[in-house]
>>> print(open('target.txt').read())   # compact mmCIF, C-alpha atoms and all ligand atoms
# COMPACT_ATOMS: atom_id res chain seq x y z
CA MET A 177 88.33 -101.22 205.40
CA GLU A 178 88.16 -101.85 201.68
CA GLU A 179 85.54 -100.68 199.29
CA LYS A 180 85.00 -102.99 196.39
CA GLN A 181 83.32 -100.59 194.12
CA LYS A 182 83.57 -100.42 190.36
CA LEU A 183 83.99 -96.93 189.10
CA ILE A 184 83.71 -95.78 185.53
CA CYS A 185 85.54 -92.72 184.28
CA ASP A 186 83.04 -90.12 183.11
CA LYS A 187 85.31 -88.96 180.34
CA CYS A 188 86.61 -92.23 178.91
CA LYS A 189 83.84 -94.64 179.89
CA VAL A 190 86.37 -97.18 181.02
CA GLU A 191 86.59 -99.01 184.31
CA MET A 192 88.95 -97.45 186.80
CA VAL A 193 91.66 -99.66 188.23
CA GLU A 194 93.06 -99.57 191.74
CA LEU A 195 96.44 -98.01 192.08
CA GLU A 196 98.52 -97.23 195.12
CA VAL A 197 99.26 -93.54 195.26
CA GLU A 198 101.08 -91.37 197.73
CA PHE A 199 99.34 -88.51 199.45
CA SER A 200 100.85 -85.68 201.36
CA TYR A 201 99.15 -84.08 204.29
CA LEU A 202 100.51 -82.03 207.16
CA ASN A 203 104.05 -82.66 205.93
CA ARG A 204 103.49 -86.37 206.08
CA SER A 205 102.93 -88.78 203.28
CA PHE A 206 100.99 -91.98 203.24
CA ARG A 207 100.00 -94.50 200.63
CA HIS A 208 96.53 -95.55 199.76
CA LYS A 209 94.88 -97.47 196.98
CA VAL A 210 92.53 -95.36 194.94
CA PRO A 211 90.68 -96.04 191.70
CA ARG A 212 92.45 -94.51 188.74
CA CYS A 213 91.47 -94.23 185.10
CA PRO A 214 93.97 -96.05 182.90
CA GLU A 215 93.12 -93.74 180.00
CA CYS A 216 93.32 -90.20 181.36
CA GLY A 217 94.97 -90.90 184.72
CA GLN A 218 92.27 -89.26 186.77
CA VAL A 219 92.01 -90.60 190.30
CA HIS A 220 88.82 -90.86 192.25
CA ILE A 221 89.09 -89.97 195.91
CA SER A 222 85.87 -90.19 197.79
CA GLU A 223 85.12 -87.69 200.49
CA LYS A 224 84.87 -90.54 202.93
CA LEU A 225 88.36 -91.73 202.11
CA ALA A 226 89.83 -88.25 202.21
CA SER A 227 88.28 -87.24 205.51
CA GLY A 228 88.89 -90.67 207.04
CA ARG A 229 92.58 -90.73 206.20
CA MET A 230 93.05 -87.11 207.12
CA SER A 231 91.65 -87.63 210.58
CA ASP A 232 93.84 -90.73 210.95
CA VAL A 233 96.89 -88.63 210.28
CA GLU A 234 95.75 -85.98 212.71
CA LYS A 235 95.22 -88.65 215.34
CA ASN A 236 98.72 -89.99 214.79
CA LEU A 237 100.17 -86.55 215.21
CA GLU A 238 98.40 -86.03 218.50
CA GLU A 239 99.71 -89.30 219.90
CA LYS A 240 103.34 -88.38 219.30
ZN ZN B 301 89.43 -91.28 182.01
>>> encode(input="target.txt", output="structure tokens", more="lines below")
Ligand SMILES: [Zn+2]
Amino acid sequence: MEEKQKLICDKCKVEMVELEVEFSYLNRSFRHKVPRCPECGQVHISEKLASGRMSDVEKNLEEK
């Protein structure tokens, strides 16, 4: 599921660009595209994304 949402950095007032970053959770890492400010490098991770991906990882662990 992709969210096409334009986000503006509060600090720099510039449009955030999507960047693939690596997350670590429960000793596992996964990649996800998140909006990132090209000026200050701040990434925006919505609660929905965080909780959604986290539960995905937990699900994967249970299946193994
Ligand atoms: Zn910024």
>>> residues_around(input="target.txt", residues="Cys188 (chain A)", least_positions_apart="4", cutoff="9 Å", atoms="all atoms listed in the file", output="list of chain:residue names")
A:Ile184, A:Cys213, A:Glu215, A:Cys216
>>> atom_distance(input="target.txt", atom1="CA of Glu223 (chain A)", atom2="CA of Asn236 (chain A)")
19.9 Å
>>> atom_distance(input="target.txt", atom1="CA of His208 (chain A)", atom2="CA of Met192 (chain A)")
15.1 Å
>>> atom_distance(input="target.txt", atom1="CA of Lys235 (chain A)", atom2="CA of Ser222 (chain A)")
19.9 Å
>>> closest_residue(input="target.txt", among="A:Glu191, A:Asp186, A:Asp232, A:Glu196", to="Lys209 (chain A)", atoms="all atoms listed in the file")
A:Glu196
>>> closest_residue(input="target.txt", among="A:Glu238, A:Phe199, A:Ile221, A:Cys185", to="ligand ZN 301 (chain B)", atoms="all atoms listed in the file")
A:Cys185
>>> closest_residue(input="target.txt", among="A:Leu183, A:Val219, A:Pro214, A:Gly228", to="Glu198 (chain A)", atoms="all atoms listed in the file")
A:Val219
>>> closest_residue(input="target.txt", among="A:Val190, A:Val197, A:Val210, A:Leu202", to="ligand ZN 301 (chain B)", atoms="only C-alpha atoms and all ligand atoms")
A:Val190
>>> closest_residue(input="target.txt", among="A:Val193, A:Tyr201, A:Lys187, A:His220", to="ligand ZN 301 (chain B)", atoms="only C-alpha atoms and all ligand atoms")
A:Lys187
>>> closest_residue(input="target.txt", among="A:Arg212, A:Arg207, A:Lys182, A:Lys224", to="ligand ZN 301 (chain B)", atoms="only C-alpha atoms and all ligand atoms")
A:Arg212
>>> build_atoms(input="target.txt", residues="region 212-227 of chain A", atoms="N, CA, C and O atoms", output="PDB file, keeping the file's coordinate frame")
ATOM      1  N   ARG A 212      91.850 -95.447 189.688  1.00  0.00           N
ATOM      2  CA  ARG A 212      92.450 -94.510 188.740  1.00  0.00           C
ATOM      3  C   ARG A 212      92.075 -94.930 187.329  1.00  0.00           C
ATOM      4  O   ARG A 212      92.064 -96.117 187.012  1.00  0.00           O
ATOM      5  N   CYS A 213      91.807 -93.948 186.493  1.00  0.00           N
ATOM      6  CA  CYS A 213      91.470 -94.230 185.100  1.00  0.00           C
ATOM      7  C   CYS A 213      92.732 -94.547 184.319  1.00  0.00           C
ATOM      8  O   CYS A 213      93.668 -93.747 184.325  1.00  0.00           O
ATOM      9  N   PRO A 214      92.776 -95.709 183.665  1.00  0.00           N
ATOM     10  CA  PRO A 214      93.970 -96.050 182.900  1.00  0.00           C
ATOM     11  C   PRO A 214      94.128 -95.215 181.636  1.00  0.00           C
ATOM     12  O   PRO A 214      95.197 -95.179 181.046  1.00  0.00           O
ATOM     13  N   GLU A 215      93.071 -94.546 181.223  1.00  0.00           N
ATOM     14  CA  GLU A 215      93.120 -93.740 180.000  1.00  0.00           C
ATOM     15  C   GLU A 215      93.642 -92.326 180.265  1.00  0.00           C
ATOM     16  O   GLU A 215      94.605 -91.893 179.669  1.00  0.00           O
ATOM     17  N   CYS A 216      92.960 -91.609 181.154  1.00  0.00           N
ATOM     18  CA  CYS A 216      93.320 -90.200 181.360  1.00  0.00           C
ATOM     19  C   CYS A 216      94.090 -89.982 182.665  1.00  0.00           C
ATOM     20  O   CYS A 216      94.612 -88.901 182.907  1.00  0.00           O
ATOM     21  N   GLY A 217      94.164 -91.013 183.499  1.00  0.00           N
ATOM     22  CA  GLY A 217      94.970 -90.900 184.720  1.00  0.00           C
ATOM     23  C   GLY A 217      94.278 -90.196 185.864  1.00  0.00           C
ATOM     24  O   GLY A 217      94.881 -89.920 186.890  1.00  0.00           O
ATOM     25  N   GLN A 218      92.999 -89.919 185.697  1.00  0.00           N
ATOM     26  CA  GLN A 218      92.270 -89.260 186.770  1.00  0.00           C
ATOM     27  C   GLN A 218      92.032 -90.216 187.934  1.00  0.00           C
ATOM     28  O   GLN A 218      91.665 -91.369 187.726  1.00  0.00           O
ATOM     29  N   VAL A 219      92.251 -89.755 189.139  1.00  0.00           N
ATOM     30  CA  VAL A 219      92.010 -90.600 190.300  1.00  0.00           C
ATOM     31  C   VAL A 219      90.714 -90.180 190.971  1.00  0.00           C
ATOM     32  O   VAL A 219      90.334 -89.013 190.950  1.00  0.00           O
ATOM     33  N   HIS A 220      90.065 -91.150 191.547  1.00  0.00           N
ATOM     34  CA  HIS A 220      88.820 -90.860 192.250  1.00  0.00           C
ATOM     35  C   HIS A 220      89.065 -91.011 193.742  1.00  0.00           C
ATOM     36  O   HIS A 220      89.392 -92.081 194.227  1.00  0.00           O
ATOM     37  N   ILE A 221      88.930 -89.922 194.460  1.00  0.00           N
ATOM     38  CA  ILE A 221      89.090 -89.970 195.910  1.00  0.00           C
ATOM     39  C   ILE A 221      87.779 -89.546 196.535  1.00  0.00           C
ATOM     40  O   ILE A 221      87.342 -88.409 196.382  1.00  0.00           O
ATOM     41  N   SER A 222      87.156 -90.499 197.179  1.00  0.00           N
ATOM     42  CA  SER A 222      85.870 -90.190 197.790  1.00  0.00           C
ATOM     43  C   SER A 222      86.077 -89.301 199.002  1.00  0.00           C
ATOM     44  O   SER A 222      87.134 -89.291 199.629  1.00  0.00           O
ATOM     45  N   GLU A 223      85.041 -88.566 199.324  1.00  0.00           N
ATOM     46  CA  GLU A 223      85.120 -87.690 200.490  1.00  0.00           C
ATOM     47  C   GLU A 223      85.346 -88.499 201.758  1.00  0.00           C
ATOM     48  O   GLU A 223      86.046 -88.096 202.669  1.00  0.00           O
ATOM     49  N   LYS A 224      84.745 -89.681 201.757  1.00  0.00           N
ATOM     50  CA  LYS A 224      84.870 -90.540 202.930  1.00  0.00           C
ATOM     51  C   LYS A 224      86.325 -90.950 203.140  1.00  0.00           C
ATOM     52  O   LYS A 224      86.854 -90.888 204.232  1.00  0.00           O
ATOM     53  N   LEU A 225      86.960 -91.339 202.035  1.00  0.00           N
ATOM     54  CA  LEU A 225      88.360 -91.730 202.110  1.00  0.00           C
ATOM     55  C   LEU A 225      89.213 -90.546 202.553  1.00  0.00           C
ATOM     56  O   LEU A 225      90.025 -90.654 203.465  1.00  0.00           O
ATOM     57  N   ALA A 226      89.012 -89.420 201.911  1.00  0.00           N
ATOM     58  CA  ALA A 226      89.830 -88.250 202.210  1.00  0.00           C
ATOM     59  C   ALA A 226      89.695 -87.841 203.675  1.00  0.00           C
ATOM     60  O   ALA A 226      90.679 -87.710 204.384  1.00  0.00           O
ATOM     61  N   SER A 227      88.465 -87.695 204.130  1.00  0.00           N
ATOM     62  CA  SER A 227      88.280 -87.240 205.510  1.00  0.00           C
ATOM     63  C   SER A 227      88.717 -88.315 206.502  1.00  0.00           C
ATOM     64  O   SER A 227      89.282 -88.019 207.536  1.00  0.00           O
TER      65      SER A 227
END
